[in-house]
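Content type TSV, C-alpha atoms (C1' of nucleotides), from the file target_39.tsv:
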```
chain	number	residue	atom	x	y	z
E	1	GLU	CA	92.68	117.95	90.82
E	2	MET	CA	95.33	120.55	90.13
E	3	ASN	CA	92.90	123.41	89.71
E	4	SER	CA	91.64	123.01	93.26
E	5	ALA	CA	95.17	122.52	94.50
E	6	PHE	CA	96.26	125.71	92.78
E	7	GLU	CA	93.42	127.72	94.31
E	8	LEU	CA	94.32	126.55	97.79
E	9	PHE	CA	98.00	127.10	97.14
E	10	GLN	CA	97.28	130.70	96.18
E	11	VAL	CA	95.20	131.53	99.22
E	12	MET	CA	97.23	129.77	101.89
E	13	PRO	CA	98.81	132.25	104.33
E	14	GLU	CA	102.34	131.01	103.85
E	15	ARG	CA	104.11	128.59	101.55
E	16	ASN	CA	107.28	126.66	102.21
E	17	VAL	CA	109.48	124.44	100.08
E	18	VAL	CA	107.17	121.50	100.79
E	19	SER	CA	104.04	123.23	99.54
E	20	TRP	CA	105.86	124.45	96.43
E	21	SER	CA	107.25	120.98	95.79
E	22	THR	CA	103.83	119.43	96.23
E	23	MET	CA	102.51	121.66	93.47
E	24	VAL	CA	105.42	120.90	91.17
E	25	SER	CA	104.94	117.20	91.77
E	26	GLY	CA	101.20	117.44	91.14
E	27	TYR	CA	101.64	119.15	87.79
E	28	SER	CA	104.31	116.68	86.78
E	29	LYS	CA	102.07	113.76	87.64
E	30	ALA	CA	99.27	115.38	85.67
E	31	GLY	CA	101.61	115.55	82.68
E	32	ASP	CA	101.74	119.34	82.69
E	33	MET	CA	105.48	119.95	82.67
E	34	ASP	CA	105.09	123.57	81.58
E	35	MET	CA	103.17	124.49	84.72
E	36	ALA	CA	105.54	122.39	86.80
E	37	LYS	CA	108.50	124.26	85.36
E	38	MET	CA	106.84	127.63	85.88
E	39	LEU	CA	106.32	126.94	89.58
E	40	PHE	CA	109.76	125.40	89.87
E	41	ASP	CA	111.32	128.58	88.48
E	42	LYS	CA	109.24	130.73	90.78
E	43	MET	CA	109.90	128.94	94.04
E	44	PRO	CA	112.14	131.05	96.24
E	45	VAL	CA	113.98	128.20	97.96
E	46	LYS	CA	114.84	124.89	96.33
E	47	ASN	CA	116.37	121.75	97.79
E	48	LEU	CA	117.03	118.36	96.15
E	49	VAL	CA	113.37	117.37	96.17
E	50	PRO	CA	111.99	119.80	93.58
E	51	TRP	CA	115.04	119.23	91.38
E	52	THR	CA	114.39	115.50	91.58
E	53	ILE	CA	110.71	115.91	90.78
E	54	MET	CA	111.44	118.04	87.71
E	55	ILE	CA	114.28	115.97	86.28
E	56	SER	CA	112.44	112.69	86.87
E	57	GLY	CA	109.29	114.18	85.40
E	58	TYR	CA	111.07	115.17	82.19
E	59	ALA	CA	112.91	111.86	81.99
E	60	GLU	CA	109.79	109.79	82.54
E	61	LYS	CA	108.09	111.61	79.68
E	62	GLY	CA	111.07	111.07	77.41
E	63	LEU	CA	111.91	114.78	77.31
E	64	ALA	CA	115.62	114.12	77.11
E	65	LYS	CA	116.89	117.60	76.37
E	66	GLU	CA	114.95	119.20	79.19
E	67	ALA	CA	116.02	116.49	81.61
E	68	PHE	CA	119.69	116.83	80.70
E	69	THR	CA	119.61	120.60	80.86
E	70	LEU	CA	118.09	120.65	84.33
E	71	TYR	CA	120.40	117.92	85.56
E	72	ASP	CA	123.42	119.93	84.37
E	73	ARG	CA	122.08	123.01	86.07
E	74	MET	CA	121.61	121.11	89.30
E	75	GLU	CA	125.20	119.91	89.26
E	76	LYS	CA	126.49	123.36	88.38
E	77	ALA	CA	124.52	124.76	91.30
E	78	GLY	CA	126.68	122.54	93.48
E	79	LEU	CA	123.88	120.22	94.59
E	80	GLU	CA	124.96	116.65	95.21
E	81	PRO	CA	122.23	114.16	94.29
E	82	ASP	CA	121.36	111.78	97.13
E	83	ASP	CA	120.25	108.17	96.77
E	84	GLY	CA	116.62	109.22	96.41
E	85	THR	CA	117.43	111.57	93.55
E	86	LEU	CA	119.57	109.03	91.74
E	87	ILE	CA	117.03	106.24	92.13
E	88	SER	CA	114.14	108.43	91.11
E	89	ILE	CA	115.86	109.60	87.91
E	90	LEU	CA	117.01	106.08	87.05
E	91	ALA	CA	113.48	104.74	87.48
E	92	ALA	CA	112.21	107.46	85.17
E	93	CYS	CA	114.87	106.58	82.58
E	94	ALA	CA	113.91	102.92	82.85
E	95	GLU	CA	110.28	103.75	82.22
E	96	SER	CA	110.90	105.81	79.10
E	97	GLY	CA	113.99	103.99	77.82
E	98	LEU	CA	116.18	107.07	78.23
E	99	LEU	CA	119.50	105.24	78.21
E	100	SER	CA	121.65	108.32	77.59
E	101	LEU	CA	120.60	110.04	80.81
E	102	GLY	CA	120.76	106.73	82.65
E	103	LYS	CA	124.39	106.39	81.62
E	104	ARG	CA	125.10	109.90	82.78
E	105	ILE	CA	123.62	109.08	86.20
E	106	HIS	CA	125.67	105.87	86.27
E	107	PHE	CA	128.81	107.91	85.64
E	108	LYS	CA	127.90	110.16	88.55
E	109	ILE	CA	127.30	107.17	90.82
E	110	GLU	CA	130.70	105.65	90.01
E	111	SER	CA	132.44	108.50	91.77
E	112	SER	CA	130.09	108.75	94.72
E	113	LYS	CA	129.36	106.88	97.91
E	114	SER	CA	126.05	105.80	96.39
E	115	ARG	CA	127.82	103.17	94.33
E	116	TYR	CA	127.83	100.94	97.42
E	117	ARG	CA	124.11	101.29	98.03
E	118	ILE	CA	122.14	98.21	97.08
E	119	GLN	CA	119.04	100.16	96.12
E	120	VAL	CA	120.99	102.44	93.84
E	121	CYS	CA	122.60	99.47	92.09
E	122	ASN	CA	119.20	97.81	91.81
E	123	ALA	CA	117.82	100.87	90.07
E	124	LEU	CA	120.82	100.78	87.71
E	125	ILE	CA	120.24	97.11	86.88
E	126	ASP	CA	116.58	97.77	86.16
E	127	MET	CA	117.37	100.83	84.08
E	128	TYR	CA	119.93	99.03	81.91
E	129	ALA	CA	117.71	95.97	81.54
E	130	LYS	CA	114.65	97.97	80.53
E	131	CYS	CA	116.74	100.00	78.11
E	132	GLY	CA	117.86	96.75	76.49
E	133	ASN	CA	121.46	96.77	77.67
E	134	LEU	CA	121.65	93.40	79.44
E	135	HIS	CA	125.44	93.42	79.41
E	136	LYS	CA	125.61	96.58	81.46
E	137	ALA	CA	122.89	95.26	83.76
E	138	LEU	CA	124.87	92.07	84.36
E	139	ASN	CA	127.98	94.15	84.86
E	140	VAL	CA	126.40	96.12	87.67
E	141	PHE	CA	124.87	92.97	89.13
E	142	ASP	CA	128.19	91.11	89.14
E	143	GLY	CA	129.99	94.09	90.63
E	144	MET	CA	127.78	94.22	93.71
E	145	VAL	CA	129.37	92.93	96.90
E	146	GLU	CA	125.99	92.47	98.53
E	147	ARG	CA	122.61	91.85	96.91
E	148	ASP	CA	119.03	91.73	98.08
E	149	VAL	CA	116.03	89.97	96.60
E	150	VAL	CA	115.25	93.00	94.43
E	151	SER	CA	118.71	92.80	92.85
E	152	TRP	CA	118.06	89.21	91.83
E	153	ASN	CA	114.50	89.88	90.74
E	154	SER	CA	115.52	92.83	88.59
E	155	MET	CA	118.22	90.82	86.88
E	156	LEU	CA	115.93	87.81	86.41
E	157	GLN	CA	113.20	89.97	84.99
E	158	GLY	CA	115.64	91.68	82.66
E	159	LEU	CA	116.80	88.36	81.25
E	160	ALA	CA	113.28	86.99	80.98
E	161	MET	CA	111.98	90.19	79.41
E	162	HIS	CA	114.48	89.90	76.58
E	163	GLY	CA	113.80	86.26	75.89
E	164	ASN	CA	116.80	84.79	77.70
E	165	GLY	CA	114.69	82.30	79.61
E	166	LYS	CA	117.40	79.71	79.97
E	167	GLU	CA	119.89	82.22	81.39
E	168	ALA	CA	117.23	83.49	83.77
E	169	LEU	CA	116.64	79.98	85.09
E	170	ASP	CA	120.39	79.50	85.52
E	171	LEU	CA	120.49	82.72	87.49
E	172	PHE	CA	117.59	81.53	89.62
E	173	ALA	CA	119.52	78.33	90.39
E	174	ARG	CA	122.48	80.43	91.42
E	175	MET	CA	120.24	82.58	93.59
E	176	ILE	CA	119.08	79.51	95.52
E	177	ARG	CA	122.61	78.12	95.70
E	178	GLU	CA	123.81	81.34	97.25
E	179	GLY	CA	121.11	81.16	99.89
E	180	MET	CA	118.93	84.06	98.76
E	181	GLU	CA	115.24	83.62	99.61
E	182	PRO	CA	113.03	84.13	96.57
E	183	ASP	CA	109.74	85.99	96.94
E	184	GLU	CA	106.49	86.11	94.96
E	185	VAL	CA	107.96	88.46	92.38
E	186	THR	CA	110.88	86.08	91.76
E	187	PHE	CA	108.51	83.35	90.66
E	188	ILE	CA	106.70	85.57	88.21
E	189	SER	CA	110.00	85.96	86.36
E	190	VAL	CA	110.82	82.28	86.73
E	191	LEU	CA	107.47	81.15	85.30
E	192	CYS	CA	107.68	83.76	82.58
E	193	SER	CA	111.13	82.41	81.65
E	194	CYS	CA	109.73	78.90	81.35
E	195	SER	CA	107.00	80.27	79.15
E	196	HIS	CA	109.47	81.97	76.82
E	197	ALA	CA	111.75	78.95	76.71
E	198	GLY	CA	108.86	76.52	76.19
E	199	LEU	CA	109.79	74.61	79.34
E	200	ILE	CA	106.42	73.27	80.39
E	201	GLU	CA	107.47	70.54	82.79
E	202	GLU	CA	109.96	72.85	84.47
E	203	GLY	CA	107.23	75.44	84.81
E	204	ARG	CA	104.95	72.99	86.58
E	205	HIS	CA	107.83	72.07	88.86
E	206	TYR	CA	108.57	75.67	89.83
E	207	PHE	CA	104.89	76.41	90.31
E	208	SER	CA	104.56	73.55	92.78
E	209	MET	CA	107.59	74.80	94.72
E	210	ILE	CA	106.14	78.23	95.42
E	211	GLU	CA	103.91	77.17	98.29
E	212	LYS	CA	105.44	73.86	99.27
E	213	ASP	CA	109.12	74.72	99.39
E	214	TYR	CA	109.07	78.45	99.99
E	215	GLY	CA	105.88	79.02	101.92
E	216	LEU	CA	104.85	81.82	99.60
E	217	VAL	CA	101.30	82.76	98.75
E	218	LEU	CA	100.23	81.83	95.24
E	219	GLN	CA	98.93	84.93	93.52
E	220	VAL	CA	96.69	85.46	90.53
E	221	GLU	CA	99.83	86.41	88.56
E	222	HIS	CA	101.36	82.98	89.16
E	223	TYR	CA	98.24	81.26	87.91
E	224	GLY	CA	98.22	83.66	84.98
E	225	CYS	CA	101.78	82.65	84.10
E	226	MET	CA	100.80	78.99	84.21
E	227	VAL	CA	97.82	79.59	81.97
E	228	ASP	CA	100.14	81.35	79.55
E	229	LEU	CA	102.77	78.63	79.73
E	230	LEU	CA	100.30	75.83	79.15
E	231	GLY	CA	98.27	77.68	76.56
E	232	ARG	CA	101.33	78.61	74.54
E	233	GLY	CA	102.53	75.02	74.73
E	234	GLY	CA	99.30	73.76	73.27
E	235	HIS	CA	97.93	72.34	76.51
E	236	LEU	CA	94.72	74.28	76.27
E	237	LYS	CA	92.60	71.95	78.36
E	238	GLU	CA	95.01	72.11	81.25
E	239	ALA	CA	95.32	75.85	80.88
E	240	PHE	CA	91.58	76.13	81.29
E	241	GLU	CA	91.74	73.76	84.28
E	242	PHE	CA	94.07	76.24	85.95
E	243	VAL	CA	91.60	79.03	85.38
E	244	LYS	CA	88.82	76.91	86.88
E	245	VAL	CA	90.67	75.72	89.97
E	246	MET	CA	92.45	78.92	90.93
E	247	PRO	CA	91.35	79.89	94.42
E	248	MET	CA	90.81	83.51	93.55
E	249	GLU	CA	88.71	85.37	91.03
E	250	PRO	CA	90.40	84.98	87.63
E	251	ASN	CA	91.11	88.36	86.11
H	1	A	C1'	107.15	117.13	99.06
H	2	G	C1'	110.95	113.33	95.48
H	3	C	C1'	112.62	106.82	96.30
H	4	U	C1'	114.59	100.30	93.11
H	5	U	C1'	111.92	94.55	91.11
H	6	G	C1'	105.51	92.26	89.21
H	7	A	C1'	102.50	88.13	83.95
H	8	A	C1'	99.87	87.80	79.39
H	9	C	C1'	96.75	89.70	75.57
H	10	C	C1'	95.12	93.78	72.40
H	11	G	C1'	96.14	98.29	70.05
H	12	U	C1'	100.73	101.71	66.69
H	13	A	C1'	102.22	98.56	59.71
```
As C-alpha coordinates, what does this structure read like?
Amino acid sequence: EMNSAFELFQVMPERNVVSWSTMVSGYSKAGDMDMAKMLFDKMPVKNLVPWTIMISGYAEKGLAKEAFTLYDRMEKAGLEPDDGTLISILAACAESGLLSLGKRIHFKIESSKSRYRIQVCNALIDMYAKCGNLHKALNVFDGMVERDVVSWNSMLQGLAMHGNGKEALDLFARMIREGMEPDEVTFISVLCSCSHAGLIEEGRHYFSMIEKDYGLVLQVEHYGCMVDLLGRGGHLKEAFEFVKVMPMEPN
RNA sequence: AGCUUGAACCGUA
(Lines of atoms letter the chains of each structure in order from A and count residues from 1; the text may use other names and numbers.)
(Lines give C-alpha, C1' and ligand atoms only; values in the text may rest on other atoms or scores of the structure.)
Protein backbone atom coordinates (compact mmCIF):
# COMPACT_ATOMS: atom_id res chain seq x y z
CA GLU A 1 0.00 0.00 0.00
CA MET A 2 2.75 2.44 -0.86
CA ASN A 3 0.45 5.03 -2.36
CA SER A 4 -1.39 5.46 0.92
CA ALA A 5 1.88 5.41 2.81
CA PHE A 6 3.27 8.11 0.57
CA GLU A 7 0.23 10.35 1.06
CA LEU A 8 0.51 10.09 4.83
CA PHE A 9 4.25 10.58 4.67
CA GLN A 10 3.74 13.81 2.76
CA VAL A 11 1.18 15.29 5.11
CA MET A 12 2.72 14.29 8.43
CA PRO A 13 3.88 17.34 10.42
CA GLU A 14 7.43 16.15 10.85
CA ARG A 15 9.54 13.30 9.54
CA ASN A 16 12.54 11.69 11.17
CA VAL A 17 15.05 9.09 10.04
CA VAL A 18 12.63 6.34 11.05
CA SER A 19 9.77 7.61 8.92
CA TRP A 20 12.10 8.10 5.95
CA SER A 21 13.55 4.63 6.42
CA THR A 22 10.09 3.12 6.66
CA MET A 23 9.28 4.57 3.26
CA VAL A 24 12.53 3.37 1.72
CA SER A 25 11.92 -0.10 3.12
CA GLY A 26 8.35 -0.14 1.84
CA TYR A 27 9.36 0.73 -1.71
CA SER A 28 12.14 -1.83 -1.63
CA LYS A 29 9.76 -4.53 -0.46
CA ALA A 30 7.35 -3.52 -3.20
CA GLY A 31 10.16 -4.01 -5.71
CA ASP A 32 10.32 -0.32 -6.61
CA MET A 33 14.01 0.39 -6.15
CA ASP A 34 13.84 3.62 -8.14
CA MET A 35 11.43 5.21 -5.69
CA ALA A 36 13.39 3.76 -2.79
CA LYS A 37 16.58 5.32 -4.14
CA MET A 38 14.88 8.65 -4.75
CA LEU A 39 13.73 8.87 -1.12
CA PHE A 40 17.06 7.56 0.10
CA ASP A 41 18.86 10.36 -1.75
CA LYS A 42 16.44 12.93 -0.42
CA MET A 43 16.52 12.00 3.24
CA PRO A 44 18.37 14.66 5.20
CA VAL A 45 19.88 12.37 7.84
CA LYS A 46 20.98 8.80 7.24
CA ASN A 47 22.21 6.16 9.66
CA LEU A 48 23.11 2.50 9.03
CA VAL A 49 19.49 1.42 8.68
CA PRO A 50 18.58 3.10 5.38
CA TRP A 51 21.96 2.12 3.92
CA THR A 52 21.25 -1.47 4.92
CA ILE A 53 17.77 -1.39 3.45
CA MET A 54 19.02 -0.05 0.12
CA ILE A 55 22.04 -2.30 -0.27
CA SER A 56 20.10 -5.41 0.78
CA GLY A 57 17.26 -4.42 -1.50
CA TYR A 58 19.56 -4.18 -4.52
CA ALA A 59 21.39 -7.37 -3.59
CA GLU A 60 18.19 -9.35 -3.08
CA LYS A 61 17.02 -8.34 -6.54
CA GLY A 62 20.33 -9.31 -8.09
CA LEU A 63 21.21 -5.71 -8.95
CA ALA A 64 24.90 -6.28 -8.36
CA LYS A 65 26.30 -3.04 -9.71
CA GLU A 66 23.93 -0.87 -7.73
CA ALA A 67 24.55 -2.87 -4.57
CA PHE A 68 28.33 -2.64 -4.91
CA THR A 69 28.25 1.05 -5.70
CA LEU A 70 26.16 1.89 -2.65
CA TYR A 71 28.21 -0.38 -0.43
CA ASP A 72 31.40 1.37 -1.55
CA ARG A 73 29.82 4.73 -0.91
CA MET A 74 28.80 3.66 2.57
CA GLU A 75 32.33 2.60 3.42
CA LYS A 76 33.78 5.77 1.95
CA ALA A 77 31.36 7.78 4.07
CA GLY A 78 33.10 6.23 7.05
CA LEU A 79 30.14 4.15 8.21
CA GLU A 80 31.07 0.87 9.87
CA PRO A 81 28.51 -1.86 9.14
CA ASP A 82 27.15 -3.50 12.29
CA ASP A 83 26.09 -7.13 12.65
CA GLY A 84 22.58 -6.31 11.44
CA THR A 85 23.88 -4.71 8.27
CA LEU A 86 26.27 -7.54 7.51
CA ILE A 87 23.68 -10.23 8.15
CA SER A 88 21.02 -8.45 6.16
CA ILE A 89 23.27 -8.03 3.11
CA LEU A 90 24.52 -11.62 3.34
CA ALA A 91 20.96 -12.93 3.49
CA ALA A 92 20.12 -10.89 0.41
CA CYS A 93 23.17 -12.29 -1.42
CA ALA A 94 22.14 -15.80 -0.42
CA GLU A 95 18.69 -15.27 -1.83
CA SER A 96 19.84 -14.00 -5.21
CA GLY A 97 23.09 -15.98 -5.47
CA LEU A 98 25.20 -12.82 -5.47
CA LEU A 99 28.46 -14.49 -4.50
CA SER A 100 30.71 -11.58 -5.48
CA LEU A 101 29.14 -9.17 -3.00
CA GLY A 102 28.96 -11.93 -0.41
CA LYS A 103 32.72 -12.39 -0.70
CA ARG A 104 33.25 -8.68 -0.33
CA ILE A 105 31.21 -8.69 2.88
CA HIS A 106 33.19 -11.72 4.08
CA PHE A 107 36.40 -9.79 3.49
CA LYS A 108 35.03 -6.94 5.57
CA ILE A 109 34.03 -9.31 8.37
CA GLU A 110 37.51 -10.86 8.53
CA SER A 111 38.95 -7.62 9.81
CA SER A 112 36.14 -6.73 12.18
CA LYS A 113 34.86 -7.79 15.56
CA SER A 114 31.85 -9.33 13.83
CA ARG A 115 33.92 -12.32 12.79
CA TYR A 116 33.39 -13.73 16.29
CA ARG A 117 29.62 -13.37 16.17
CA ILE A 118 27.82 -16.65 15.69
CA GLN A 119 24.94 -15.09 13.78
CA VAL A 120 27.26 -13.36 11.37
CA CYS A 121 29.12 -16.61 10.69
CA ASN A 122 25.80 -18.41 10.27
CA ALA A 123 24.77 -15.91 7.63
CA LEU A 124 28.11 -16.47 5.90
CA ILE A 125 27.65 -20.24 5.90
CA ASP A 126 24.17 -19.90 4.45
CA MET A 127 25.33 -17.41 1.83
CA TYR A 128 28.20 -19.60 0.63
CA ALA A 129 26.06 -22.73 0.65
CA LYS A 130 23.22 -21.14 -1.30
CA CYS A 131 25.71 -19.68 -3.76
CA GLY A 132 27.06 -23.19 -4.33
CA ASN A 133 30.41 -22.77 -2.61
CA LEU A 134 30.27 -25.60 -0.07
CA HIS A 135 34.01 -25.47 0.53
CA LYS A 136 33.86 -21.90 1.75
CA ALA A 137 30.78 -22.71 3.82
CA LEU A 138 32.60 -25.59 5.49
CA ASN A 139 35.60 -23.35 5.98
CA VAL A 140 33.59 -20.81 7.92
CA PHE A 141 31.80 -23.56 9.83
CA ASP A 142 35.06 -25.25 10.85
CA GLY A 143 36.60 -21.95 11.84
CA MET A 144 33.90 -21.15 14.38
CA VAL A 145 34.92 -21.57 18.01
CA GLU A 146 31.31 -21.73 19.11
CA ARG A 147 28.25 -22.84 17.16
CA ASP A 148 24.52 -22.78 17.72
CA VAL A 149 21.80 -24.95 16.23
CA VAL A 150 21.42 -22.57 13.29
CA SER A 151 25.10 -23.03 12.40
CA TRP A 152 24.60 -26.78 12.20
CA ASN A 153 21.29 -26.51 10.41
CA SER A 154 22.68 -24.14 7.80
CA MET A 155 25.61 -26.42 7.10
CA LEU A 156 23.40 -29.52 7.01
CA GLN A 157 20.97 -27.86 4.67
CA GLY A 158 23.79 -26.69 2.43
CA LEU A 159 25.14 -30.21 2.09
CA ALA A 160 21.70 -31.72 1.58
CA MET A 161 20.72 -29.05 -0.91
CA HIS A 162 23.66 -29.93 -3.13
CA GLY A 163 23.07 -33.65 -3.01
CA ASN A 164 25.71 -34.53 -0.42
CA GLY A 165 23.28 -36.56 1.65
CA LYS A 166 25.88 -38.89 3.08
CA GLU A 167 28.11 -36.03 4.24
CA ALA A 168 25.10 -34.31 5.76
CA LEU A 169 24.26 -37.41 7.78
CA ASP A 170 27.88 -37.65 8.94
CA LEU A 171 27.68 -34.05 10.05
CA PHE A 172 24.44 -34.78 11.89
CA ALA A 173 26.19 -37.63 13.73
CA ARG A 174 28.96 -35.25 14.69
CA MET A 175 26.40 -32.71 15.86
CA ILE A 176 24.91 -35.25 18.26
CA ARG A 177 28.34 -36.45 19.37
CA GLU A 178 29.29 -32.90 20.26
CA GLY A 179 26.18 -32.53 22.37
CA MET A 180 24.24 -30.06 20.23
CA GLU A 181 20.46 -30.41 20.53
CA PRO A 182 18.80 -30.73 17.14
CA ASP A 183 15.51 -28.94 16.49
CA GLU A 184 12.64 -29.41 14.03
CA VAL A 185 14.55 -27.71 11.24
CA THR A 186 17.51 -30.07 11.71
CA PHE A 187 15.34 -33.06 10.93
CA ILE A 188 13.99 -31.57 7.75
CA SER A 189 17.56 -31.52 6.43
CA VAL A 190 18.27 -34.98 7.82
CA LEU A 191 15.20 -36.52 6.18
CA CYS A 192 15.89 -34.65 2.97
CA SER A 193 19.43 -36.07 2.99
CA CYS A 194 18.08 -39.59 3.33
CA SER A 195 15.77 -38.89 0.44
CA HIS A 196 18.62 -37.72 -1.79
CA ALA A 197 20.85 -40.60 -0.78
CA GLY A 198 18.07 -43.18 -1.16
CA LEU A 199 18.44 -44.24 2.47
CA ILE A 200 14.93 -45.39 3.24
CA GLU A 201 15.54 -47.43 6.38
CA GLU A 202 17.73 -44.70 7.83
CA GLY A 203 15.00 -42.19 7.06
CA ARG A 204 12.43 -44.22 8.98
CA HIS A 205 14.87 -44.46 11.86
CA TYR A 206 15.48 -40.70 12.02
CA PHE A 207 11.77 -40.00 11.70
CA SER A 208 11.00 -42.18 14.69
CA MET A 209 13.67 -40.40 16.75
CA ILE A 210 12.15 -36.95 16.34
CA GLU A 211 9.46 -37.36 18.97
CA LYS A 212 10.77 -40.28 20.97
CA ASP A 213 14.39 -39.29 21.48
CA TYR A 214 14.28 -35.53 21.13
CA GLY A 215 10.81 -34.62 22.31
CA LEU A 216 10.20 -32.50 19.24
CA VAL A 217 6.86 -31.91 17.61
CA LEU A 218 6.39 -33.70 14.30
CA GLN A 219 5.43 -31.16 11.69
CA VAL A 220 3.73 -31.44 8.33
CA GLU A 221 7.17 -30.89 6.74
CA HIS A 222 8.54 -34.02 8.40
CA TYR A 223 5.66 -36.09 7.11
CA GLY A 224 6.16 -34.48 3.72
CA CYS A 225 9.81 -35.55 3.72
CA MET A 226 8.80 -39.11 4.56
CA VAL A 227 6.24 -39.17 1.77
CA ASP A 228 8.95 -37.97 -0.58
CA LEU A 229 11.49 -40.48 0.69
CA LEU A 230 9.13 -43.42 0.41
CA GLY A 231 7.58 -42.32 -2.85
CA ARG A 232 10.94 -41.80 -4.50
CA GLY A 233 12.06 -45.19 -3.24
CA GLY A 234 9.12 -46.89 -4.86
CA HIS A 235 7.21 -47.52 -1.65
CA LEU A 236 4.10 -45.80 -2.89
CA LYS A 237 1.64 -47.62 -0.67
CA GLU A 238 3.53 -46.69 2.45
CA ALA A 239 3.93 -43.14 1.23
CA PHE A 240 0.17 -42.90 0.94
CA GLU A 241 -0.20 -44.47 4.41
CA PHE A 242 1.84 -41.58 5.77
CA VAL A 243 -0.48 -39.09 4.14
CA LYS A 244 -3.48 -40.88 5.63
CA VAL A 245 -2.19 -41.22 9.18
CA MET A 246 -0.57 -37.82 9.61
CA PRO A 247 -2.24 -36.07 12.53
CA MET A 248 -2.60 -32.80 10.72
CA GLU A 249 -4.22 -31.67 7.51
CA PRO A 250 -1.98 -32.82 4.64
CA ASN A 251 -1.00 -29.89 2.48
C1' A B 1 12.87 1.69 10.47
C1' G B 2 17.18 -2.75 8.61
C1' C B 3 18.64 -8.80 11.26
C1' U B 4 21.06 -15.84 10.13
C1' U B 5 18.72 -21.98 9.19
C1' G B 6 12.70 -24.88 6.87
C1' A B 7 10.59 -30.25 2.36
C1' A B 8 8.77 -31.77 -2.36
C1' C B 9 6.35 -30.95 -6.98
C1' C B 10 5.32 -27.82 -11.29
C1' G B 11 6.76 -23.99 -14.47
C1' U B 12 11.88 -21.33 -17.75
C1' A B 13 14.49 -26.03 -23.40
| message | Counting all atoms listed in the file, which residues sit no farther than 7 Å from the position (114.5, 86.2, 84.3) in the file's frame? I'd like them as a PyMOL selection string. | response | chain E and resi 155-161+165+168-169+189-190+193
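Proximity to chain E at a cut-off of 12 Å picks out A1, G2, C3, U4, U5, G6, A7, A8 and C9 of chain H on chain H, counting only C-alpha atoms (C1' of nucleotides).
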| said: Restricting the calculation to all atoms listed in the file: of E:Met12, E:Asn164, E:Asp82, E:Asp72, which residue gets closest to E:Lys113? | reply: E:Asp82
| request: Using atom CA of E:Met209 and atom CA of E:Asp183 as the two end points, give the distance in Å to one decimal. | output: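 Taking atom CA of E:Met209 and atom CA of E:Asp183, their separation equals 11.6 Å.
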| note | A straight line from atom CA of E:Leu8 to atom CA of E:Lys46 spans 20.6 Å
| task | Please indicate the distance in Å from atom CA of E:Phe240 to atom CA of E:Ala197, rounded to one decimal place. | result | 20.9 Å
| Taking only C-alpha atoms into account, which of E:Glu178, E:Glu211, E:Glu167, E:Glu14 comes nearest E:Cys194? |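 Result for the nearest residue to E:Cys194: E:Glu167.
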| query | Hey, what's within 6 Å of stretch 93-107 of chain E if we count all atoms listed in the file and toss same-chain stuff fewer than 3 positions away? As a list in words, please? | reply |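 Once the nearby chain positions are removed, what remains is Ala59, Glu60, Gly62, Leu90, Glu110, Met127, Lys130 and Cys131 of chain E.
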| task | Please identify all polymer residues within 8 Å of stretch 231-235 of chain E, counting all atoms listed in the file, omitting same-chain residues fewer than 5 positions from it, and present them as a PyMOL selection string. | result | chain E and resi 195+198+200
